[in-house]
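> Sharing a structure with you now.
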Amino acid sequence: MKSVFRYLLIFALLVGALSAYSYGSQTGVFLFVLMGFVLEAGFWFGLFPIKRRNQPR
């Protein structure tokens, strides 16, 4: 169930980013372009999470 929720969230971020880019380019409001950038960054970091290893001290 956890992976299904993760994929739905990633899909929602992508749709939100594309919608914000589209609306921002049509209206010329730069705030929506910035919001699209933030949502797209969330998409990419959600798709490829940073994996950290526990290194011995």
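The way I read the labels, and the way they are meant: chains A, B, ... in the order of the structure tokens, residue 1 as the first residue of every chain, and ligand 1 as the first ligand shown, with later ones counted on from there.
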Counting only C-alpha atoms, what is within 6 Å of Ile10 of chain A, bar same-chain residues fewer than 3 positions away, as a list in words?

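Non-adjacent residues within range: Tyr7, Leu13 and Phe43 of chain A.
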
> Hey, can you spit out that residue selection with N, CA, C and O atoms as a compact mmCIF listing (two decimals), in the first residue's frame?


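File out.txt, as written:
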```txt
# COMPACT_ATOMS: atom_id res chain seq x y z
N TYR A 7 3.41 6.30 -5.58
CA TYR A 7 3.24 6.53 -7.02
C TYR A 7 2.11 7.51 -7.30
O TYR A 7 2.21 8.32 -8.22
N LEU A 13 2.19 15.20 -8.26
CA LEU A 13 3.20 16.26 -8.37
C LEU A 13 3.49 16.59 -9.82
O LEU A 13 3.62 17.77 -10.18
N PHE A 43 8.73 16.13 -7.69
CA PHE A 43 8.54 14.94 -8.51
C PHE A 43 9.84 14.19 -8.68
O PHE A 43 9.92 12.98 -8.46
```

> Just the residues within 12 Å of Gly46 of chain A, please, counting only C-alpha atoms, with nothing from its chain fewer than 5 positions along; format it as JSON, numbers by chain.

{"A": [3, 5, 6, 7, 8, 9, 10, 11, 12, 13, 14, 39, 40, 41, 51]}

> Those selected residues, please, written with N, CA, C and O atoms and delivered as a compact mmCIF listing (two decimals), in the first residue's frame.


```
# COMPACT_ATOMS: atom_id res chain seq x y z
N SER A 3 3.71 1.76 -1.49
CA SER A 3 4.22 2.08 -2.82
C SER A 3 3.12 2.66 -3.71
O SER A 3 3.40 3.52 -4.54
N PHE A 5 0.63 4.58 -2.69
CA PHE A 5 0.49 5.97 -2.26
C PHE A 5 1.64 6.81 -2.81
O PHE A 5 1.44 7.94 -3.25
N ARG A 6 2.85 6.25 -2.81
CA ARG A 6 4.02 6.97 -3.32
C ARG A 6 3.86 7.28 -4.81
O ARG A 6 4.14 8.40 -5.26
N TYR A 7 3.41 6.30 -5.58
CA TYR A 7 3.24 6.53 -7.02
C TYR A 7 2.11 7.51 -7.30
O TYR A 7 2.21 8.32 -8.22
N LEU A 8 1.05 7.48 -6.51
CA LEU A 8 -0.03 8.45 -6.69
C LEU A 8 0.45 9.86 -6.36
O LEU A 8 0.10 10.83 -7.06
N LEU A 9 1.25 9.99 -5.33
CA LEU A 9 1.79 11.30 -4.97
C LEU A 9 2.74 11.81 -6.04
O LEU A 9 2.69 12.99 -6.42
N ILE A 10 3.59 10.96 -6.59
CA ILE A 10 4.50 11.36 -7.66
C ILE A 10 3.72 11.79 -8.90
O ILE A 10 4.03 12.79 -9.54
N PHE A 11 2.67 11.05 -9.22
CA PHE A 11 1.84 11.41 -10.37
C PHE A 11 1.14 12.74 -10.14
O PHE A 11 1.07 13.58 -11.04
N ALA A 12 0.64 12.97 -8.93
CA ALA A 12 -0.03 14.23 -8.61
C ALA A 12 0.95 15.40 -8.69
O ALA A 12 0.59 16.49 -9.15
N LEU A 13 2.19 15.20 -8.26
CA LEU A 13 3.20 16.26 -8.37
C LEU A 13 3.49 16.59 -9.82
O LEU A 13 3.62 17.77 -10.18
N LEU A 14 3.57 15.58 -10.66
CA LEU A 14 3.83 15.82 -12.08
C LEU A 14 2.67 16.56 -12.74
O LEU A 14 2.88 17.52 -13.48
N LEU A 39 7.13 22.04 -7.72
CA LEU A 39 6.43 20.76 -7.85
C LEU A 39 7.23 19.76 -8.68
O LEU A 39 7.26 18.56 -8.38
N GLU A 40 7.90 20.25 -9.72
CA GLU A 40 8.73 19.36 -10.53
C GLU A 40 9.92 18.84 -9.73
O GLU A 40 10.30 17.68 -9.84
N ALA A 41 10.51 19.70 -8.92
CA ALA A 41 11.61 19.25 -8.06
C ALA A 41 11.12 18.17 -7.09
O ALA A 41 11.81 17.18 -6.86
N LYS A 51 19.59 8.09 -1.31
CA LYS A 51 19.80 6.99 -0.37
C LYS A 51 21.11 7.22 0.36
O LYS A 51 22.15 7.39 -0.25
```

> Would you mind listing what lies within 10 Å of Leu31 of chain A as a tab-separated table (two decimals) with N, CA, C and O atoms, in the first residue's frame, with only C-alpha atoms counted and same-chain residues fewer than 4 positions away left out?


```tsv
chain	number	residue	atom	x	y	z
A	20	ALA	N	0.74	24.01	-13.49
A	20	ALA	CA	1.26	25.31	-13.08
A	20	ALA	C	2.08	25.94	-14.21
A	20	ALA	O	1.96	27.15	-14.47
A	21	TYR	N	2.90	25.14	-14.89
A	21	TYR	CA	3.66	25.66	-16.03
A	21	TYR	C	2.72	26.17	-17.13
A	21	TYR	O	2.92	27.23	-17.70
A	24	GLY	N	0.92	29.34	-15.94
A	24	GLY	CA	1.86	30.44	-15.86
A	24	GLY	C	2.27	30.97	-17.21
A	24	GLY	O	2.47	32.18	-17.38
A	35	MET	N	6.03	27.94	-8.94
A	35	MET	CA	5.32	26.84	-8.29
A	35	MET	C	5.49	25.55	-9.09
A	35	MET	O	5.66	24.47	-8.52
A	36	GLY	N	5.47	25.64	-10.41
A	36	GLY	CA	5.71	24.48	-11.26
A	36	GLY	C	7.10	23.93	-11.06
A	36	GLY	O	7.30	22.71	-11.03
A	37	PHE	N	8.08	24.82	-10.89
A	37	PHE	CA	9.45	24.38	-10.65
A	37	PHE	C	9.56	23.63	-9.33
A	37	PHE	O	10.21	22.59	-9.25
```

> Just checking: using only C-alpha atoms, which residue out of A:Ser22, A:Ala17, A:Phe30, A:Lys2 ends up closest to Trp44 of chain A?

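Smallest distance to Trp44 of chain A is found for A:Ala17.
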